[in-house]
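Here the structure is laid out as structure tokens; the discussion comes afterwards.
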Amino acid sequence: MRRFQQLIDGQFEDGAASFESIDPATGEAWALMPRAQAADVERAVGAAHRALSDKAWRGLTATQRGKLLYRLADLVAEHAQDLALLETTDTGKIIRETSAQIAYVAEYYRYFAGLADKLQGAHLPIDKPDMEVWLRREPIGVVAAVVPWNSQLFLSAVKLGPALAAGCTVVLKASEDGPAPLLEFARLVQQAGFPAGVVNVITGFGPDCGQVLTSHPLVSRIAFTGGPGTARHVMRNAAENLAHVTLELGGKSPVVVFEDADLDSTANAVVAGIFAATGQSCVAGSRLIVQRSARDRLLGILKAKAEAIVIGAPQDRATEMGPLATQRQLSHIEEVVKASLASGAKLVTGGSAPSGSGFYYRPTILDCSGTEAAAVSTELFGPVLAVLDFETEAEAVRLANATPYGLASGVFTSNLSRAHRMTRDIRAGVVWINTYRAVSPMAPFGGFGLSGSGREGGLESILDYTRTKTVWLRTSDDPIPDPFVMR
Ligand code: NDP
């Protein structure tokens, strides 16, 4: 079995405890992972805190920090295939997707590398003639970055990129499910030349690792991606130390299709939204809201496309849909589909696991119109599309917004005015018009409501890793006047 190590204070180590990681395509253990305990977390945070004021990091110019990030980006690009294979083996995500996604992760590091020396303070115009006042922009401190198992390299790049560009130090916690690519990535961080303690990469279970990390009083900033339940714990932990928090959480994203859309092209976007990554995507377009007049035609196209999807080994380049990441995920999906059928949803296609080993589930479409099916409201994180229909635009908006989540959304129409109206009316952090599942380092990403708060990506996201210090300098040589009056 392959053995991975964690990175603490510039040293790779096995950790006092370990656990077996499961290959979801076979259900068999394939690697041993370090299982960080409270003492490991303590050492990692301590190292990050020391590194923050150590000259080896603090003494670097912003341009030098940027250069380290460029080097890291080049290393990620160079090793993209190896990292992709590890992510595919450890999470079951297909190699076609992991190799393209990880090559693109390098672009995120490049984007933030370029921003490192564009961060500026300010000189303030002030209403007192004998004062100069300016703002210094400084790193916020030690960052705890916590990511879930899907797209771990991608989700950590939007945290580490801005954090390191701003001069922070980081303890990155990989998920217990599929941590291999992040532990391997830690080796590239070392190779890039970041000083010891600036980036620490650990993995372990929620209660004895994530909980301890997000409760630590030396952590100033928590960047969390995961589910709303865990996010509540994280928020409570942060409250104790008044740490700054951003939360990227789940979704139940609507894809609204009007009768005037190009249905063949739209069907490809719907498939991308729900069946890519086996539906294990925070932006999964899991609710199709289609105008009644276009419903049967679109469902016909989708059924044919879903049934033609090639299910297979994730390492095989011909495979279009791999297994779910865990048995837990598979069981959850089976339960919700069963309950939805019992509450009146009609099965259009799928609804079962193919024969054989591994955590596979068929691409599934449920017609949920007029029902209270659980598949309409529960985030499944799997390849299950719940279909609803509507008559009027107002009804489409009502259905789209009938969720406590608000992460992503898609609108398909050839009517430009309607596209603009929908953009205003839909309650979600991202609106894709006539496209779906597009991302870029330049575009902020994040949600409303149960989908979290804060934005990752884009220029402003780096400001979240800084704090300002206001400096007052008195320029008069006269003695300080009346000390009992506020200046
Ligand atoms: P979880 O919330 O269960 O886990 C997320 C991370 O938090 C994991 O590393 C987990 O560790 C850790 N964790 C668990 N308990 C605690 C705790 N008490 N304190 C601190 N950290 C803890 O999410 P899932 O792994 O189930 O991931 C799926 C969820 O992530 C979905 O809801 C999905 O929508 C969301 N997501 C959101 C994205 C976005 O950008 N908005 C992107 C991708 C996913 P461990 O694994 O060891 O339990």
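Chain labels A, B, ... are given in the sequence in which chains occur in the structure tokens; within each chain residues are numbered consecutively from 1, and ligands are likewise numbered from 1 in the order shown.
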
- Item | Shell of 10 Å around Glu97 of chain A, only C-alpha atoms, local chain residues under 3 positions omitted, as a ChimeraX atom specification | /A:84,88,93-94,100-102,151,276-277,314,317,320-321

- Considering only C-alpha atoms, return as a list in words whatever protein or nucleic-acid residues lie within 12 Å of Arg421 of chain A, sequence-local ones (same chain, fewer than 3 positions apart) excluded. Glu393, Ala394, Ala396, Val397, Val411, Thr413, Asn415, Leu416, Ser417, Arg418, Arg424, Asp425, Ile426, Val431 and Ile433 of chain A

Next, write the just-selected residues to a file, as a PDB file, in the first residue's frame, keeping C-alpha atoms as the atom set.
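File written: part_2.pdb
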```pdb
ATOM      1  CA  GLU A 393     -41.619  33.626 -16.233  1.00  0.00           C
ATOM      2  CA  ALA A 394     -42.870  34.640 -12.769  1.00  0.00           C
ATOM      3  CA  ALA A 396     -39.994  30.081 -13.151  1.00  0.00           C
ATOM      4  CA  VAL A 397     -38.475  32.701 -10.817  1.00  0.00           C
ATOM      5  CA  VAL A 411     -30.827  30.493 -17.578  1.00  0.00           C
ATOM      6  CA  THR A 413     -33.224  31.646 -23.501  1.00  0.00           C
ATOM      7  CA  ASN A 415     -34.621  36.512 -25.441  1.00  0.00           C
ATOM      8  CA  LEU A 416     -32.065  39.094 -24.296  1.00  0.00           C
ATOM      9  CA  SER A 417     -34.486  41.192 -22.244  1.00  0.00           C
ATOM     10  CA  ARG A 418     -35.705  38.098 -20.424  1.00  0.00           C
ATOM     11  CA  ARG A 424     -31.902  40.447 -11.596  1.00  0.00           C
ATOM     12  CA  ASP A 425     -34.556  38.135 -10.143  1.00  0.00           C
ATOM     13  CA  ILE A 426     -32.608  34.926  -9.468  1.00  0.00           C
ATOM     14  CA  VAL A 431     -25.864  33.300 -12.927  1.00  0.00           C
ATOM     15  CA  ILE A 433     -26.725  32.571 -19.198  1.00  0.00           C
TER      16      ILE A 433
END
```

- Selected residue, from A:Asp208, A:Asp296, A:Glu391, A:Asp367, that lies nearest to ligand 1 when counting only C-alpha atoms and all ligand atoms: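 For ligand 1, the nearest of the candidates is A:Asp208.
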
- Item | segment 286-293 of chain A environment, 7 Å, only C-alpha atoms, sequence neighbours closer than 3 positions dropped, as an MDAnalysis selection string | chainID A and resid 252:259 274 376 384:391 396

- Query: Could you name the residues that touch segment 109-111 of chain A at 12 Å or less, counting only C-alpha atoms, but leaving out those on the same chain fewer than 5 positions away, as an MDAnalysis selection string?
  - Reply: chainID A and resid 65:77 102:104 116:118 153:165 189 440:443 457:459 461:462

- Message: Please find the residues contacting ligand 1 at a distance of at most 6 Å between atoms, with only C-alpha atoms and all ligand atoms counted, and report them as a PyMOL selection string.
- Response: chain A and resi 146-150+174-177+204-207+210-211+214+225-227+230+233-234+248-251+281-282

Go through segment 212-293 of chain A residue by residue and, counting only C-alpha atoms, keep those with an atom at most 12 Å from segment 34-38 of chain A; for each kept residue give the shortest atom pair and its distance in Å to one decimal, ordered by chain and increasing number, as CSV.
```
residue,atom,partner,partner_atom,distance
A:Val212,CA,A:Ala38,CA,6.2
A:Leu213,CA,A:Ala38,CA,8.1
A:Thr214,CA,A:Ala38,CA,11.4
A:Ser215,CA,A:Ala38,CA,10.9
A:His216,CA,A:Ala38,CA,10.3
```

Dump N, CA, C and O atoms for the selected residues as a PDB file, in the first residue's frame?
```pdb
ATOM      1  N   VAL A 212     -10.302  21.066  15.915  1.00  0.00           N
ATOM      2  CA  VAL A 212      -9.203  21.659  16.689  1.00  0.00           C
ATOM      3  C   VAL A 212      -8.601  22.842  15.922  1.00  0.00           C
ATOM      4  O   VAL A 212      -8.324  23.903  16.487  1.00  0.00           O
ATOM      5  N   LEU A 213      -8.448  22.643  14.619  1.00  0.00           N
ATOM      6  CA  LEU A 213      -7.845  23.698  13.799  1.00  0.00           C
ATOM      7  C   LEU A 213      -8.699  24.969  13.794  1.00  0.00           C
ATOM      8  O   LEU A 213      -8.193  26.076  13.989  1.00  0.00           O
ATOM      9  N   THR A 214     -10.004  24.804  13.562  1.00  0.00           N
ATOM     10  CA  THR A 214     -10.849  25.998  13.438  1.00  0.00           C
ATOM     11  C   THR A 214     -11.159  26.635  14.800  1.00  0.00           C
ATOM     12  O   THR A 214     -11.715  27.721  14.860  1.00  0.00           O
ATOM     13  N   SER A 215     -10.818  25.929  15.886  1.00  0.00           N
ATOM     14  CA  SER A 215     -11.013  26.505  17.230  1.00  0.00           C
ATOM     15  C   SER A 215      -9.745  27.176  17.742  1.00  0.00           C
ATOM     16  O   SER A 215      -9.742  27.717  18.842  1.00  0.00           O
ATOM     17  N   HIS A 216      -8.659  27.078  16.989  1.00  0.00           N
ATOM     18  CA  HIS A 216      -7.367  27.503  17.539  1.00  0.00           C
ATOM     19  C   HIS A 216      -7.282  29.023  17.677  1.00  0.00           C
ATOM     20  O   HIS A 216      -7.538  29.754  16.717  1.00  0.00           O
TER      21      HIS A 216
END
```

Considering only C-alpha atoms, tabulate each residue of segment 243-340 of chain A that lies at most 7 Å from segment 5-26 of chain A along with its nearest interatomic pair and the corresponding distance in Å to one decimal; arrange the rows by chain and ascending residue number and present them as a Markdown table.
```
| residue | atom | partner | partner_atom | distance |
| --- | --- | --- | --- | --- |
| A:Ala313 | CA | A:Ala25 | CA | 6.5 |
| A:Pro323 | CA | A:Ala25 | CA | 5.9 |
| A:Leu324 | CA | A:Pro24 | CA | 6.8 |
| A:Ala325 | CA | A:Pro24 | CA | 5.6 |
| A:Thr326 | CA | A:Pro24 | CA | 6.2 |
```

Could you take the residues named above and write them with N, CA and C atoms, as a PDB file, in the first residue's frame?
```pdb
ATOM      1  N   ALA A 313     -14.235   2.762 -15.394  1.00  0.00           N
ATOM      2  CA  ALA A 313     -13.104   3.020 -14.503  1.00  0.00           C
ATOM      3  C   ALA A 313     -12.678   4.472 -14.677  1.00  0.00           C
ATOM      4  N   PRO A 323     -17.297   6.511 -10.366  1.00  0.00           N
ATOM      5  CA  PRO A 323     -18.074   6.202  -9.163  1.00  0.00           C
ATOM      6  C   PRO A 323     -18.266   7.452  -8.291  1.00  0.00           C
ATOM      7  N   LEU A 324     -19.122   7.325  -7.293  1.00  0.00           N
ATOM      8  CA  LEU A 324     -19.206   8.335  -6.247  1.00  0.00           C
ATOM      9  C   LEU A 324     -17.984   8.156  -5.353  1.00  0.00           C
ATOM     10  N   ALA A 325     -17.662   9.185  -4.557  1.00  0.00           N
ATOM     11  CA  ALA A 325     -16.409   9.120  -3.796  1.00  0.00           C
ATOM     12  C   ALA A 325     -16.469   8.145  -2.632  1.00  0.00           C
ATOM     13  N   THR A 326     -17.649   7.965  -2.038  1.00  0.00           N
ATOM     14  CA  THR A 326     -17.726   7.114  -0.842  1.00  0.00           C
ATOM     15  C   THR A 326     -19.012   6.279  -0.839  1.00  0.00           C
TER      16      THR A 326
END
```

- Message: If you run DSSP on the backbone here, which positions in segment 365-405 of chain A get strand (DSSP E or B)? Please write them as a PyMOL selection string.
- Response: chain A and resi 365-367+384-390

Just to be explicit: take each residue in the selection above, keep N, CA, C and O atoms, and write the result as a PDB file, in the first residue's frame.
```
ATOM      1  N   ILE A 365     -32.754  10.674 -13.901  1.00  0.00           N
ATOM      2  CA  ILE A 365     -33.637  11.837 -14.080  1.00  0.00           C
ATOM      3  C   ILE A 365     -34.976  11.496 -13.436  1.00  0.00           C
ATOM      4  O   ILE A 365     -35.574  10.455 -13.721  1.00  0.00           O
ATOM      5  N   LEU A 366     -35.432  12.383 -12.559  1.00  0.00           N
ATOM      6  CA  LEU A 366     -36.718  12.188 -11.881  1.00  0.00           C
ATOM      7  C   LEU A 366     -37.659  13.324 -12.273  1.00  0.00           C
ATOM      8  O   LEU A 366     -37.298  14.499 -12.105  1.00  0.00           O
ATOM      9  N   ASP A 367     -38.829  12.989 -12.778  1.00  0.00           N
ATOM     10  CA  ASP A 367     -39.823  14.020 -13.066  1.00  0.00           C
ATOM     11  C   ASP A 367     -40.565  14.296 -11.754  1.00  0.00           C
ATOM     12  O   ASP A 367     -41.339  13.469 -11.282  1.00  0.00           O
ATOM     13  N   VAL A 384     -28.207  12.994  -9.981  1.00  0.00           N
ATOM     14  CA  VAL A 384     -29.672  12.903  -9.963  1.00  0.00           C
ATOM     15  C   VAL A 384     -30.279  14.263 -10.297  1.00  0.00           C
ATOM     16  O   VAL A 384     -30.078  15.242  -9.563  1.00  0.00           O
ATOM     17  N   LEU A 385     -31.014  14.304 -11.400  1.00  0.00           N
ATOM     18  CA  LEU A 385     -31.643  15.551 -11.854  1.00  0.00           C
ATOM     19  C   LEU A 385     -33.120  15.530 -11.499  1.00  0.00           C
ATOM     20  O   LEU A 385     -33.852  14.621 -11.898  1.00  0.00           O
ATOM     21  N   ALA A 386     -33.573  16.540 -10.746  1.00  0.00           N
ATOM     22  CA  ALA A 386     -35.005  16.660 -10.423  1.00  0.00           C
ATOM     23  C   ALA A 386     -35.613  17.658 -11.406  1.00  0.00           C
ATOM     24  O   ALA A 386     -35.093  18.758 -11.578  1.00  0.00           O
ATOM     25  N   VAL A 387     -36.704  17.255 -12.080  1.00  0.00           N
ATOM     26  CA  VAL A 387     -37.296  18.112 -13.109  1.00  0.00           C
ATOM     27  C   VAL A 387     -38.615  18.702 -12.621  1.00  0.00           C
ATOM     28  O   VAL A 387     -39.472  17.988 -12.090  1.00  0.00           O
ATOM     29  N   LEU A 388     -38.766  20.015 -12.815  1.00  0.00           N
ATOM     30  CA  LEU A 388     -40.012  20.714 -12.500  1.00  0.00           C
ATOM     31  C   LEU A 388     -40.409  21.492 -13.756  1.00  0.00           C
ATOM     32  O   LEU A 388     -39.544  21.823 -14.568  1.00  0.00           O
ATOM     33  N   ASP A 389     -41.718  21.804 -13.918  1.00  0.00           N
ATOM     34  CA  ASP A 389     -42.067  22.623 -15.087  1.00  0.00           C
ATOM     35  C   ASP A 389     -42.863  23.856 -14.694  1.00  0.00           C
ATOM     36  O   ASP A 389     -43.356  23.969 -13.581  1.00  0.00           O
ATOM     37  N   PHE A 390     -42.933  24.813 -15.638  1.00  0.00           N
ATOM     38  CA  PHE A 390     -43.613  26.085 -15.360  1.00  0.00           C
ATOM     39  C   PHE A 390     -44.290  26.598 -16.624  1.00  0.00           C
ATOM     40  O   PHE A 390     -43.974  26.172 -17.740  1.00  0.00           O
TER      41      PHE A 390
END
```

- Task: Would you mind listing what lies within 7 Å of segment 303-305 of chain A as an NGL selection string, with only C-alpha atoms counted and same-chain residues fewer than 4 positions away left out?
- Result: :A and (299 or 309 or 348-349)

Go ahead and write the residues just picked, all heavy atoms, as a short mmCIF file (atom, residue, chain, number, x, y, z; two decimals), in the first residue's frame.
```cif
data_model
loop_
_atom_site.label_atom_id
_atom_site.label_comp_id
_atom_site.auth_asym_id
_atom_site.auth_seq_id
_atom_site.Cartn_x
_atom_site.Cartn_y
_atom_site.Cartn_z
N LEU A 299 -36.82 16.63 -22.28
CA LEU A 299 -36.65 15.39 -21.50
C LEU A 299 -36.25 14.22 -22.40
O LEU A 299 -35.44 13.37 -22.02
CB LEU A 299 -37.93 15.04 -20.73
CG LEU A 299 -38.10 15.76 -19.38
CD1 LEU A 299 -39.25 15.15 -18.59
CD2 LEU A 299 -36.83 15.66 -18.55
N ILE A 309 -24.29 7.86 -21.63
CA ILE A 309 -23.07 8.20 -20.86
C ILE A 309 -22.26 6.94 -20.57
O ILE A 309 -22.82 5.92 -20.12
CB ILE A 309 -23.45 8.93 -19.55
CG1 ILE A 309 -23.93 10.35 -19.89
CG2 ILE A 309 -22.30 8.97 -18.55
CD1 ILE A 309 -24.47 11.14 -18.71
N VAL A 348 -37.56 8.88 -15.00
CA VAL A 348 -37.39 9.03 -16.46
C VAL A 348 -36.29 8.08 -16.92
O VAL A 348 -36.41 7.40 -17.93
CB VAL A 348 -37.06 10.50 -16.82
CG1 VAL A 348 -36.81 10.65 -18.32
CG2 VAL A 348 -38.17 11.43 -16.35
N THR A 349 -35.20 8.04 -16.15
CA THR A 349 -34.13 7.07 -16.45
C THR A 349 -33.25 6.89 -15.21
O THR A 349 -33.26 7.72 -14.32
CB THR A 349 -33.28 7.51 -17.66
OG1 THR A 349 -32.38 6.45 -18.00
CG2 THR A 349 -32.48 8.77 -17.37
#
```

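The shortest atom-to-atom distance to Ala342 of chain A, with only C-alpha atoms taken into account, belongs to A:Thr371 out of A:Thr319, A:Gln191, A:Thr371, A:Asn268.
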
- Task: Please identify which residues in segment 7-233 of chain A DSSP calls helix (DSSP H, G or I) from the backbone, and express them as a PyMOL selection string.
- Result: chain A and resi 38-53+55-58+62-78+80-91+95-118+152-165+180-192+206-215+228-233

- Query: Do you know which residues are at most 10 Å from Lys469 of chain A counting only C-alpha atoms, after dropping those on the same chain fewer than 4 positions away, and could you put them as a ChimeraX atom specification?
  - Reply: /A:121,134-138

- Compile the contact shell of Tyr360 of chain A as an MDAnalysis selection string: residues with an atom at most 8 Å away, counting only C-alpha atoms, same-chain residues fewer than 2 positions apart removed. chainID A and resid 25 322:324 330 353:354 357:358 362

For the residues selected in the previous step, produce a file with all heavy atoms as a tab-separated table (two decimals), in the first residue's frame.
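Contents of the output file again01.tsv:
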```tsv
chain	number	residue	atom	x	y	z
A	25	ALA	N	-13.43	3.17	-6.94
A	25	ALA	CA	-13.76	2.34	-8.11
A	25	ALA	C	-13.77	0.86	-7.76
A	25	ALA	O	-14.36	0.04	-8.45
A	25	ALA	CB	-12.78	2.63	-9.24
A	322	GLY	N	-17.65	8.35	-13.49
A	322	GLY	CA	-17.01	7.38	-12.61
A	322	GLY	C	-17.89	7.11	-11.40
A	322	GLY	O	-19.07	7.47	-11.38
A	323	PRO	N	-17.30	6.51	-10.37
A	323	PRO	CA	-18.07	6.20	-9.16
A	323	PRO	C	-18.27	7.45	-8.29
A	323	PRO	O	-17.62	8.47	-8.52
A	323	PRO	CB	-17.17	5.21	-8.43
A	323	PRO	CG	-15.78	5.60	-8.85
A	323	PRO	CD	-15.90	6.06	-10.28
A	324	LEU	N	-19.12	7.32	-7.29
A	324	LEU	CA	-19.21	8.34	-6.25
A	324	LEU	C	-17.98	8.16	-5.35
A	324	LEU	O	-17.35	7.09	-5.38
A	324	LEU	CB	-20.50	8.15	-5.45
A	324	LEU	CG	-21.71	8.46	-6.33
A	324	LEU	CD1	-22.91	7.64	-5.91
A	324	LEU	CD2	-22.02	9.94	-6.31
A	330	LEU	N	-23.14	7.13	-1.76
A	330	LEU	CA	-23.99	6.24	-2.55
A	330	LEU	C	-25.26	5.89	-1.77
A	330	LEU	O	-26.38	5.98	-2.31
A	330	LEU	CB	-23.20	4.97	-2.92
A	330	LEU	CG	-23.97	3.87	-3.63
A	330	LEU	CD1	-24.54	4.37	-4.96
A	330	LEU	CD2	-23.07	2.65	-3.90
A	353	ALA	N	-28.04	1.33	-9.10
A	353	ALA	CA	-26.59	1.16	-9.28
A	353	ALA	C	-26.36	0.07	-10.32
A	353	ALA	O	-27.08	-0.92	-10.34
A	353	ALA	CB	-25.98	0.74	-7.95
A	354	PRO	N	-25.38	0.25	-11.23
A	354	PRO	CA	-25.07	-0.83	-12.16
A	354	PRO	C	-24.45	-2.00	-11.40
A	354	PRO	O	-23.97	-1.82	-10.28
A	354	PRO	CB	-24.06	-0.20	-13.12
A	354	PRO	CG	-23.52	1.00	-12.42
A	354	PRO	CD	-24.49	1.41	-11.36
A	357	SER	N	-18.57	-4.09	-8.62
A	357	SER	CA	-18.10	-3.46	-7.39
A	357	SER	C	-17.90	-1.96	-7.59
A	357	SER	O	-18.02	-1.45	-8.70
A	357	SER	CB	-16.79	-4.13	-6.95
A	357	SER	OG	-15.86	-3.99	-7.99
A	358	GLY	N	-17.57	-1.26	-6.50
A	358	GLY	CA	-17.36	0.19	-6.56
A	358	GLY	C	-18.65	0.93	-6.27
A	358	GLY	O	-19.73	0.36	-6.26
A	362	ARG	N	-26.22	5.04	-11.60
A	362	ARG	CA	-26.54	5.44	-12.97
A	362	ARG	C	-26.99	6.90	-13.03
A	362	ARG	O	-27.61	7.40	-12.08
A	362	ARG	CB	-27.72	4.61	-13.48
A	362	ARG	CG	-27.37	3.22	-13.88
A	362	ARG	CD	-28.64	2.58	-14.44
A	362	ARG	NE	-28.70	1.19	-14.07
A	362	ARG	CZ	-28.03	0.23	-14.70
A	362	ARG	NH1	-27.25	0.54	-15.72
A	362	ARG	NH2	-28.12	-1.02	-14.31
```
